[in-house]
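**Q** I'd like to ask you about the structure that follows.
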Amino acid sequence: MRRSKPLDCGGLTRLLEHPAAHVLACTLIPVAVFGILLFTEGKSVMETYRVILNAVFGTRYGFGEVIVRTTYLIFTSLAAILPYRVGLANAGGEGQMAIGALFTAIAGGTLLRHLIGPLGIPALLVCGMAGGMIWAGIAIFCRMKLGMNETLTTILMNYIATYFISMLLFGVLRDPAGWNYPQTVEIAPQLRLRTYFGTRINAGILLAVLTAAGVWYLLRKTKAGFTIRAIGGNPRAALYSGIQVGKVQAMAFLAAGASAGLAGAILIMGTEGRMRVDAGATMGFMGFLAAGIVKNDPILAIFSSFLIAALSVAGNAMEINTGLPAASIQILMMLVLLTIMATGGRKNRE
């Protein structure tokens, strides 16, 4: 009897290493598995997915909310991509975004309150970036000087940021005219970003897309990008070749914090108008997920951010129209994450 040849999965593995194929796999596989779960619960699979699509594309408000969340996710996905490219992991986009939002809310309600829009808006964006950079700077300092693992450090700092902000909002930063609600004073009206089409869409989405394109150009077309790719490919070899690995890693981490801080600034200037407890919650985690889906490609992160934003917006509509809890959409997101892990293949830091 002839022995059968072992199954050769090399071609499939190489196919899944292509970012576009990876996105497709990370979309279709979870959708199919989630459909099976819906069927076992006695729910109409097609009706559920129709509700999801209608929530995203069927109304102006729903689509507008998808674009707003996509804005945050692009920035927080870039906060994960930049450190990854230099051999580090930043799981702290949540905290960096929150601190950036806090800095923006404080500055917009006090120090910069009387600036005219053309001056105040860029100044507030810088404040948000500064907040994110400071929070990321603490993490990279712990990594470089104290030898602490940056992944664990940034995760813990997410919790610290949440509780620190909550303490301030219930204390010294609480708006005295805010009906005792834990929130800061509202930023000046001239410092708000203009919204469009009767939704909460604002210029932040354009800034996010341009930032993603700029990161792609930096990584692919510049000498600095070549240095970053060299470090990401082999930090030890890069060090022996004379590259200041630690310095470049620190700069990439600070830039990541600035990107997450921009998300926080746009959260305050574009939609919230003030800092509230849990404002922008989960955007950092989902941005990390959006980066992983596309294997840390800045351009494709725009599309993965849109996908995850659409799923998050669809959760509430699914609860109202199908009887499933809104948390059910989290199952779909976790299936996406598991698919990423299963189809990850080799690391891609090119």
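Naming scheme: A, B, ... for chains in displayed order of the structure tokens; residues 1 onward per chain; ligands 1 onward as shown.
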Once you count only C-alpha atoms, what closest atom pair and distance in Å to one decimal does each residue of stretch 257-322 of chain A within 10 Å of stretch 131-152 of chain A have, with rows by chain and rising residue number, as a Markdown table?
**A**
```
| residue | atom | partner | partner_atom | distance |
| --- | --- | --- | --- | --- |
| A:Gly257 | CA | A:Met133 | CA | 4.4 |
| A:Ala258 | CA | A:Met133 | CA | 4.9 |
| A:Ser259 | CA | A:Gly132 | CA | 7.4 |
| A:Ala260 | CA | A:Gly132 | CA | 6.0 |
| A:Gly261 | CA | A:Gly132 | CA | 4.1 |
| A:Leu262 | CA | A:Gly132 | CA | 7.7 |
| A:Ala263 | CA | A:Gly132 | CA | 9.2 |
| A:Gly264 | CA | A:Gly132 | CA | 8.3 |
| A:Ala265 | CA | A:Gly131 | CA | 9.3 |
```
**Q** Would you kindly return, as a JSON list (two decimals) with all heavy atoms, in the first residue's frame, each protein, DNA or RNA residue with an atom no farther than 12 Å from any atom of A:Thr162, considering only C-alpha atoms and excluding same-chain residues fewer than 2 positions away?
**A**
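Saved as selection20.json:
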```json
[["chain", "number", "residue", "atom", "x", "y", "z"],
["A", 92, "GLY", "N", -0.94, 49.96, 25.18],
["A", 92, "GLY", "CA", -1.43, 51.05, 26.01],
["A", 92, "GLY", "C", -2.15, 52.15, 25.27],
["A", 92, "GLY", "O", -2.27, 53.26, 25.80],
["A", 94, "GLU", "N", -5.18, 52.58, 24.87],
["A", 94, "GLU", "CA", -6.36, 53.00, 25.65],
["A", 94, "GLU", "C", -6.01, 54.12, 26.62],
["A", 94, "GLU", "O", -6.65, 55.17, 26.66],
["A", 94, "GLU", "CB", -6.90, 51.79, 26.42],
["A", 94, "GLU", "CG", -8.24, 52.01, 27.03],
["A", 94, "GLU", "CD", -9.36, 51.45, 26.17],
["A", 94, "GLU", "OE1", -9.08, 50.93, 25.08],
["A", 94, "GLU", "OE2", -10.50, 51.57, 26.59],
["A", 95, "GLY", "N", -4.95, 53.88, 27.41],
["A", 95, "GLY", "CA", -4.56, 54.87, 28.39],
["A", 95, "GLY", "C", -3.98, 56.13, 27.77],
["A", 95, "GLY", "O", -4.24, 57.25, 28.23],
["A", 96, "GLN", "N", -3.20, 55.95, 26.70],
["A", 96, "GLN", "CA", -2.60, 57.11, 26.02],
["A", 96, "GLN", "C", -3.67, 57.98, 25.38],
["A", 96, "GLN", "O", -3.58, 59.21, 25.42],
["A", 96, "GLN", "CB", -1.58, 56.60, 24.98],
["A", 96, "GLN", "CG", -0.37, 55.95, 25.61],
["A", 96, "GLN", "CD", 0.26, 54.87, 24.75],
["A", 96, "GLN", "OE1", 0.05, 54.83, 23.53],
["A", 96, "GLN", "NE2", 1.04, 54.00, 25.36],
["A", 97, "MET", "N", -4.69, 57.37, 24.82],
["A", 97, "MET", "CA", -5.80, 58.13, 24.25],
["A", 97, "MET", "C", -6.55, 58.88, 25.36],
["A", 97, "MET", "O", -6.92, 60.05, 25.20],
["A", 97, "MET", "CB", -6.75, 57.20, 23.51],
["A", 97, "MET", "CG", -7.99, 57.89, 22.96],
["A", 97, "MET", "SD", -9.07, 56.73, 22.08],
["A", 97, "MET", "CE", -10.49, 57.77, 21.76],
["A", 98, "ALA", "N", -6.76, 58.21, 26.49],
["A", 98, "ALA", "CA", -7.50, 58.83, 27.59],
["A", 98, "ALA", "C", -6.75, 60.02, 28.17],
["A", 98, "ALA", "O", -7.35, 61.08, 28.44],
["A", 98, "ALA", "CB", -7.77, 57.79, 28.68],
["A", 99, "ILE", "N", -5.44, 59.88, 28.34],
["A", 99, "ILE", "CA", -4.66, 60.99, 28.88],
["A", 99, "ILE", "C", -4.60, 62.14, 27.87],
["A", 99, "ILE", "O", -4.67, 63.32, 28.24],
["A", 99, "ILE", "CB", -3.24, 60.53, 29.26],
["A", 99, "ILE", "CG1", -3.31, 59.50, 30.39],
["A", 99, "ILE", "CG2", -2.38, 61.71, 29.68],
["A", 99, "ILE", "CD1", -3.89, 60.02, 31.69],
["A", 101, "ALA", "N", -6.98, 62.87, 25.79],
["A", 101, "ALA", "CA", -8.29, 63.52, 25.90],
["A", 101, "ALA", "C", -8.35, 64.39, 27.14],
["A", 101, "ALA", "O", -8.92, 65.49, 27.10],
["A", 101, "ALA", "CB", -9.38, 62.45, 25.94],
["A", 102, "LEU", "N", -7.78, 63.92, 28.22],
["A", 102, "LEU", "CA", -7.79, 64.70, 29.46],
["A", 102, "LEU", "C", -7.03, 66.01, 29.29],
["A", 102, "LEU", "O", -7.53, 67.08, 29.69],
["A", 102, "LEU", "CB", -7.16, 63.88, 30.59],
["A", 102, "LEU", "CG", -7.07, 64.57, 31.96],
["A", 102, "LEU", "CD1", -8.47, 64.80, 32.53],
["A", 102, "LEU", "CD2", -6.22, 63.74, 32.92],
["A", 155, "ILE", "N", -0.27, 47.75, 29.60],
["A", 155, "ILE", "CA", -1.58, 47.24, 30.03],
["A", 155, "ILE", "C", -1.93, 47.79, 31.41],
["A", 155, "ILE", "O", -3.06, 48.27, 31.65],
["A", 155, "ILE", "CB", -1.58, 45.70, 30.04],
["A", 155, "ILE", "CG1", -1.54, 45.16, 28.60],
["A", 155, "ILE", "CG2", -2.83, 45.17, 30.76],
["A", 155, "ILE", "CD1", -1.39, 43.66, 28.52],
["A", 156, "LEU", "N", -0.98, 47.73, 32.34],
["A", 156, "LEU", "CA", -1.23, 48.23, 33.68],
["A", 156, "LEU", "C", -1.50, 49.74, 33.66],
["A", 156, "LEU", "O", -2.35, 50.25, 34.41],
["A", 156, "LEU", "CB", -0.06, 47.91, 34.60],
["A", 156, "LEU", "CG", 0.13, 46.43, 34.96],
["A", 156, "LEU", "CD1", 1.42, 46.24, 35.74],
["A", 156, "LEU", "CD2", -1.06, 45.92, 35.76],
["A", 157, "MET", "N", -0.79, 50.45, 32.79],
["A", 157, "MET", "CA", -0.97, 51.89, 32.73],
["A", 157, "MET", "C", -2.33, 52.28, 32.16],
["A", 157, "MET", "O", -2.82, 53.38, 32.41],
["A", 157, "MET", "CB", 0.16, 52.53, 31.93],
["A", 157, "MET", "CG", 1.50, 52.50, 32.67],
["A", 157, "MET", "SD", 2.81, 53.36, 31.81],
["A", 157, "MET", "CE", 2.25, 55.06, 31.94],
["A", 158, "ASN", "N", -2.95, 51.39, 31.41],
["A", 158, "ASN", "CA", -4.33, 51.64, 30.99],
["A", 158, "ASN", "C", -5.25, 51.76, 32.20],
["A", 158, "ASN", "O", -6.10, 52.67, 32.28],
["A", 158, "ASN", "CB", -4.83, 50.51, 30.09],
["A", 158, "ASN", "CG", -4.20, 50.53, 28.71],
["A", 158, "ASN", "OD1", -3.72, 51.57, 28.24],
["A", 158, "ASN", "ND2", -4.19, 49.39, 28.05],
["A", 159, "TYR", "N", -5.08, 50.84, 33.14],
["A", 159, "TYR", "CA", -5.91, 50.88, 34.35],
["A", 159, "TYR", "C", -5.59, 52.11, 35.21],
["A", 159, "TYR", "O", -6.49, 52.75, 35.76],
["A", 159, "TYR", "CB", -5.70, 49.60, 35.16],
["A", 159, "TYR", "CG", -6.26, 48.36, 34.50],
["A", 159, "TYR", "CD1", -5.43, 47.48, 33.82],
["A", 159, "TYR", "CD2", -7.62, 48.09, 34.55],
["A", 159, "TYR", "CE1", -5.94, 46.34, 33.20],
["A", 159, "TYR", "CE2", -8.14, 46.95, 33.94],
["A", 159, "TYR", "CZ", -7.29, 46.08, 33.26],
["A", 159, "TYR", "OH", -7.81, 44.97, 32.65],
["A", 160, "ILE", "N", -4.30, 52.41, 35.30],
["A", 160, "ILE", "CA", -3.91, 53.58, 36.08],
["A", 160, "ILE", "C", -4.54, 54.84, 35.49],
["A", 160, "ILE", "O", -5.06, 55.70, 36.22],
["A", 160, "ILE", "CB", -2.38, 53.71, 36.13],
["A", 160, "ILE", "CG1", -1.77, 52.54, 36.89],
["A", 160, "ILE", "CG2", -1.96, 55.03, 36.78],
["A", 160, "ILE", "CD1", -0.25, 52.48, 36.81],
["A", 164, "PHE", "N", -7.09, 57.16, 37.50],
["A", 164, "PHE", "CA", -6.59, 58.51, 37.74],
["A", 164, "PHE", "C", -7.57, 59.55, 37.21],
["A", 164, "PHE", "O", -7.91, 60.52, 37.89],
["A", 164, "PHE", "CB", -5.23, 58.67, 37.07],
["A", 164, "PHE", "CG", -4.64, 60.05, 37.17],
["A", 164, "PHE", "CD1", -4.29, 60.60, 38.39],
["A", 164, "PHE", "CD2", -4.47, 60.82, 36.02],
["A", 164, "PHE", "CE1", -3.75, 61.87, 38.47],
["A", 164, "PHE", "CE2", -3.93, 62.09, 36.09],
["A", 164, "PHE", "CZ", -3.58, 62.62, 37.33],
["A", 165, "ILE", "N", -8.07, 59.33, 36.00],
["A", 165, "ILE", "CA", -9.04, 60.26, 35.40],
["A", 165, "ILE", "C", -10.33, 60.26, 36.20],
["A", 165, "ILE", "O", -10.93, 61.32, 36.45],
["A", 165, "ILE", "CB", -9.28, 59.89, 33.93],
["A", 165, "ILE", "CG1", -8.02, 60.18, 33.10],
["A", 165, "ILE", "CG2", -10.48, 60.65, 33.37],
["A", 165, "ILE", "CD1", -8.08, 59.66, 31.68],
["A", 166, "SER", "N", -10.78, 59.08, 36.61],
["A", 166, "SER", "CA", -12.00, 58.99, 37.41],
["A", 166, "SER", "C", -11.85, 59.78, 38.72],
["A", 166, "SER", "O", -12.76, 60.50, 39.13],
["A", 166, "SER", "CB", -12.33, 57.53, 37.71],
["A", 166, "SER", "OG", -13.50, 57.42, 38.46],
["A", 167, "MET", "N", -10.69, 59.66, 39.35],
["A", 167, "MET", "CA", -10.44, 60.39, 40.59],
["A", 167, "MET", "C", -10.53, 61.90, 40.35],
["A", 167, "MET", "O", -11.15, 62.64, 41.15],
["A", 167, "MET", "CB", -9.06, 60.04, 41.13],
["A", 167, "MET", "CG", -8.67, 60.77, 42.41],
["A", 167, "MET", "SD", -6.94, 60.50, 42.87],
["A", 167, "MET", "CE", -6.10, 61.47, 41.60],
["A", 168, "LEU", "N", -9.97, 62.37, 39.25],
["A", 168, "LEU", "CA", -9.99, 63.80, 38.95],
["A", 168, "LEU", "C", -11.40, 64.28, 38.62],
["A", 168, "LEU", "O", -11.82, 65.37, 39.05],
["A", 168, "LEU", "CB", -9.06, 64.11, 37.78],
["A", 168, "LEU", "CG", -7.56, 63.91, 38.04],
["A", 168, "LEU", "CD1", -6.77, 64.19, 36.77],
["A", 168, "LEU", "CD2", -7.07, 64.80, 39.17],
["A", 169, "LEU", "N", -12.15, 63.47, 37.87],
["A", 169, "LEU", "CA", -13.48, 63.90, 37.47],
["A", 169, "LEU", "C", -14.47, 63.89, 38.63],
["A", 169, "LEU", "O", -15.43, 64.66, 38.63],
["A", 169, "LEU", "CB", -14.00, 63.00, 36.34],
["A", 169, "LEU", "CG", -13.25, 63.09, 35.01],
["A", 169, "LEU", "CD1", -13.90, 62.19, 33.97],
["A", 169, "LEU", "CD2", -13.19, 64.52, 34.51],
["A", 275, "MET", "N", -14.45, 66.08, 28.94],
["A", 275, "MET", "CA", -14.01, 64.76, 29.38],
["A", 275, "MET", "C", -15.03, 64.16, 30.32],
["A", 275, "MET", "O", -15.46, 64.80, 31.29],
["A", 275, "MET", "CB", -12.64, 64.86, 30.08],
["A", 275, "MET", "CG", -12.02, 63.51, 30.39],
["A", 275, "MET", "SD", -11.55, 62.65, 28.87],
["A", 275, "MET", "CE", -11.02, 61.07, 29.52],
["A", 276, "ARG", "N", -15.43, 62.93, 30.02],
["A", 276, "ARG", "CA", -16.36, 62.19, 30.87],
["A", 276, "ARG", "C", -15.73, 60.84, 31.25],
["A", 276, "ARG", "O", -14.81, 60.37, 30.59],
["A", 276, "ARG", "CB", -17.68, 61.93, 30.15],
["A", 276, "ARG", "CG", -18.47, 63.19, 29.81],
["A", 276, "ARG", "CD", -19.81, 62.83, 29.20],
["A", 276, "ARG", "NE", -20.66, 63.97, 28.98],
["A", 276, "ARG", "CZ", -20.70, 64.68, 27.85],
["A", 276, "ARG", "NH1", -19.91, 64.34, 26.84],
["A", 276, "ARG", "NH2", -21.51, 65.71, 27.73],
["A", 277, "VAL", "N", -16.26, 60.25, 32.29],
["A", 277, "VAL", "CA", -15.80, 58.92, 32.69],
["A", 277, "VAL", "C", -16.08, 57.93, 31.56],
["A", 277, "VAL", "O", -17.17, 57.92, 30.98],
["A", 277, "VAL", "CB", -16.51, 58.46, 33.98],
["A", 277, "VAL", "CG1", -16.08, 57.04, 34.35],
["A", 277, "VAL", "CG2", -16.17, 59.41, 35.12],
["A", 278, "ASP", "N", -15.10, 57.13, 31.22],
["A", 278, "ASP", "CA", -15.21, 56.09, 30.19],
["A", 278, "ASP", "C", -15.35, 56.65, 28.77],
["A", 278, "ASP", "O", -15.72, 55.92, 27.85],
["A", 278, "ASP", "CB", -16.38, 55.14, 30.46],
["A", 278, "ASP", "CG", -16.17, 54.32, 31.72],
["A", 278, "ASP", "OD1", -15.01, 54.08, 32.07],
["A", 278, "ASP", "OD2", -17.17, 53.93, 32.35],
["A", 279, "ALA", "N", -15.06, 57.92, 28.56],
["A", 279, "ALA", "CA", -15.10, 58.47, 27.20],
["A", 279, "ALA", "C", -14.05, 57.76, 26.34],
["A", 279, "ALA", "O", -12.88, 57.66, 26.71],
["A", 279, "ALA", "CB", -14.83, 59.97, 27.23],
["A", 280, "GLY", "N", -14.47, 57.24, 25.20],
["A", 280, "GLY", "CA", -13.55, 56.54, 24.31],
["A", 280, "GLY", "C", -13.14, 55.17, 24.78],
["A", 280, "GLY", "O", -12.16, 54.60, 24.27],
["A", 281, "ALA", "N", -13.88, 54.59, 25.74],
["A", 281, "ALA", "CA", -13.53, 53.27, 26.26],
["A", 281, "ALA", "C", -13.49, 52.22, 25.17],
["A", 281, "ALA", "O", -14.31, 52.23, 24.25],
["A", 281, "ALA", "CB", -14.53, 52.87, 27.35],
["A", 282, "THR", "N", -12.56, 51.32, 25.24],
["A", 282, "THR", "CA", -12.30, 50.17, 24.34],
["A", 282, "THR", "C", -11.67, 50.57, 23.00],
["A", 282, "THR", "O", -11.30, 49.69, 22.23],
["A", 282, "THR", "CB", -13.58, 49.34, 24.05],
["A", 282, "THR", "OG1", -14.43, 50.04, 23.14],
["A", 282, "THR", "CG2", -14.33, 49.01, 25.32]]
```
**Q** Please, what distance in Å, to one decimal, runs between atom CA of A:Val33 and atom CA of A:Gly58?
**A**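 Here the two named atoms are 24.6 Å from each other.
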**Q** Which polymer residues have any atom within 9 Å of an atom of stretch 66-76 of chain A, counting only C-alpha atoms, with same-chain residues fewer than 6 positions away left out, as a VMD selection string?
**A** chain A and resid 56 93 to 94 96 to 97 200 to 202 204 to 209 211 to 212 256 to 257 259 to 264 266 to 267 270 to 271 280 283 to 288 290 to 291 298 301 to 313
**Q** Do a neighbour search on A:Ala314 at 9 Å with only C-alpha atoms, toss out local chain neighbours closer than 2 positions, and write the hits as a list in words.
**A**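 Close residues of A:Ala314: Val51, Ile52, Leu53, Asn54, Ala55, Val56, Gly62, Ala309, Ala310, Leu311, Ser312, Asn316, Ala317, Met318, Glu319, Ala326 and Ile329 of chain A.
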**Q** Write out as a list in words which residues come within 12 Å of A:Ile121 when counting only C-alpha atoms, dropping same-chain ones fewer than 5 positions away.
**A** Thr104, Ala105, Ala107, Gly108, Leu112, Arg113, His114, Leu115, Ile116, Val126, Cys127, Gly128, Ile187, Ala188, Pro189, Gln190, Leu191, Arg192, Leu193, Arg194, Ala203, Gly204, Leu262, Ala265, Ile266, Ile268, Met269 and Gly270 of chain A
**Q** Determine, counting only C-alpha atoms, which protein, DNA and RNA residues have an atom within 12 Å of an atom of A:Val248; residues of the same chain fewer than 6 positions away are not included. Present the result as a ChimeraX atom specification.
**A** /A:82-83,85-88,140,144,224-232,235,238-239,254-255
**Q** Please dump the current selection as a compact mmCIF listing (two decimals), in the first residue's frame; keep C-alpha atoms.
**A**
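result-v4.txt written:
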```
# COMPACT_ATOMS: atom_id res chain seq x y z
CA LEU A 82 4.85 52.00 15.18
CA PRO A 83 6.30 50.18 18.23
CA ARG A 85 7.96 47.94 13.67
CA VAL A 86 10.90 48.46 16.05
CA GLY A 87 10.42 45.19 17.91
CA LEU A 88 8.24 46.45 20.77
CA ILE A 140 9.29 53.37 27.49
CA MET A 144 14.74 51.24 28.82
CA ALA A 224 14.29 56.60 8.74
CA GLY A 225 11.82 53.95 7.61
CA PHE A 226 14.67 51.70 6.44
CA THR A 227 16.28 52.08 9.88
CA ILE A 228 12.98 51.19 11.56
CA ARG A 229 12.55 48.11 9.38
CA ALA A 230 16.13 47.04 10.08
CA ILE A 231 15.52 47.21 13.81
CA GLY A 232 12.22 45.38 13.52
CA PRO A 235 17.52 44.43 16.57
CA ALA A 238 20.95 46.64 13.66
CA LEU A 239 22.84 47.43 16.86
CA LEU A 254 6.68 58.38 21.79
CA ALA A 255 5.25 58.79 18.28
```
**Q** Using Å and a single decimal, report how far atom CA of A:Ala80 sits from atom CA of A:Ala252.
**A** 10.1 Å
**Q** Which of stretch 10-92 of chain A end up as helix (DSSP H, G or I) when DSSP is run on this backbone - answer as a PyMOL selection string?
**A** chain A and resi 10-16+19-40+45-57+60-85
**Q** Identify which of the residues A:Asn90, A:Thr222, A:Asn180, A:Gln244 lies closest to A:Leu289, counting only C-alpha atoms when measuring atom-to-atom distances.
**A**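 Ranking A:Asn90, A:Thr222, A:Asn180, A:Gln244 by distance to A:Leu289, first place goes to A:Asn90.
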**Q** So how far away is atom CA of A:Ala161 from atom CA of A:Asp175, in Å?
**A** 19.6 Å
**Q** Point out the residue among A:Gly178, A:Gly35, A:Ala342, A:Cys26 with the least atom-to-atom distance to A:Ser328, counting only C-alpha atoms.
**A**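 That would be A:Gly35, the residue with the smallest distance to A:Ser328.
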**Q** Extract, using only C-alpha atoms, all DNA, RNA and protein residues at most 12 Å from A:Glu41, discarding same-chain residues fewer than 6 positions from it, and format them as an mmCIF file with N, CA, C and O atoms, in the first residue's frame.
**A**
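Generated file (part_26.cif):
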```cif
data_model
loop_
_atom_site.group_PDB
_atom_site.id
_atom_site.type_symbol
_atom_site.label_atom_id
_atom_site.label_comp_id
_atom_site.auth_asym_id
_atom_site.auth_seq_id
_atom_site.Cartn_x
_atom_site.Cartn_y
_atom_site.Cartn_z
ATOM 1 N N PHE A 34 -19.669 32.615 13.548
ATOM 2 C CA PHE A 34 -20.706 33.346 14.280
ATOM 3 C C PHE A 34 -22.087 32.984 13.734
ATOM 4 O O PHE A 34 -23.060 32.906 14.496
ATOM 5 N N GLY A 35 -22.174 32.760 12.432
ATOM 6 C CA GLY A 35 -23.445 32.333 11.837
ATOM 7 C C GLY A 35 -23.904 30.995 12.384
ATOM 8 O O GLY A 35 -25.098 30.787 12.631
ATOM 9 N N THR A 48 -30.027 38.448 10.913
ATOM 10 C CA THR A 48 -29.081 39.104 11.816
ATOM 11 C C THR A 48 -28.057 39.905 11.042
ATOM 12 O O THR A 48 -27.762 41.062 11.377
ATOM 13 N N THR A 322 -33.039 41.941 17.018
ATOM 14 C CA THR A 322 -32.992 40.471 17.001
ATOM 15 C C THR A 322 -33.182 39.858 18.384
ATOM 16 O O THR A 322 -33.349 38.642 18.497
ATOM 17 N N GLY A 323 -33.135 40.673 19.437
ATOM 18 C CA GLY A 323 -33.275 40.132 20.780
ATOM 19 C C GLY A 323 -31.980 39.615 21.366
ATOM 20 O O GLY A 323 -31.935 39.233 22.533
ATOM 21 N N LEU A 324 -30.929 39.584 20.575
ATOM 22 C CA LEU A 324 -29.625 39.183 21.088
ATOM 23 C C LEU A 324 -29.023 40.331 21.892
ATOM 24 O O LEU A 324 -29.202 41.493 21.535
ATOM 25 N N SER A 328 -23.213 40.332 22.319
ATOM 26 C CA SER A 328 -22.989 39.231 21.381
ATOM 27 C C SER A 328 -21.992 39.615 20.294
ATOM 28 O O SER A 328 -21.264 38.767 19.772
#
```
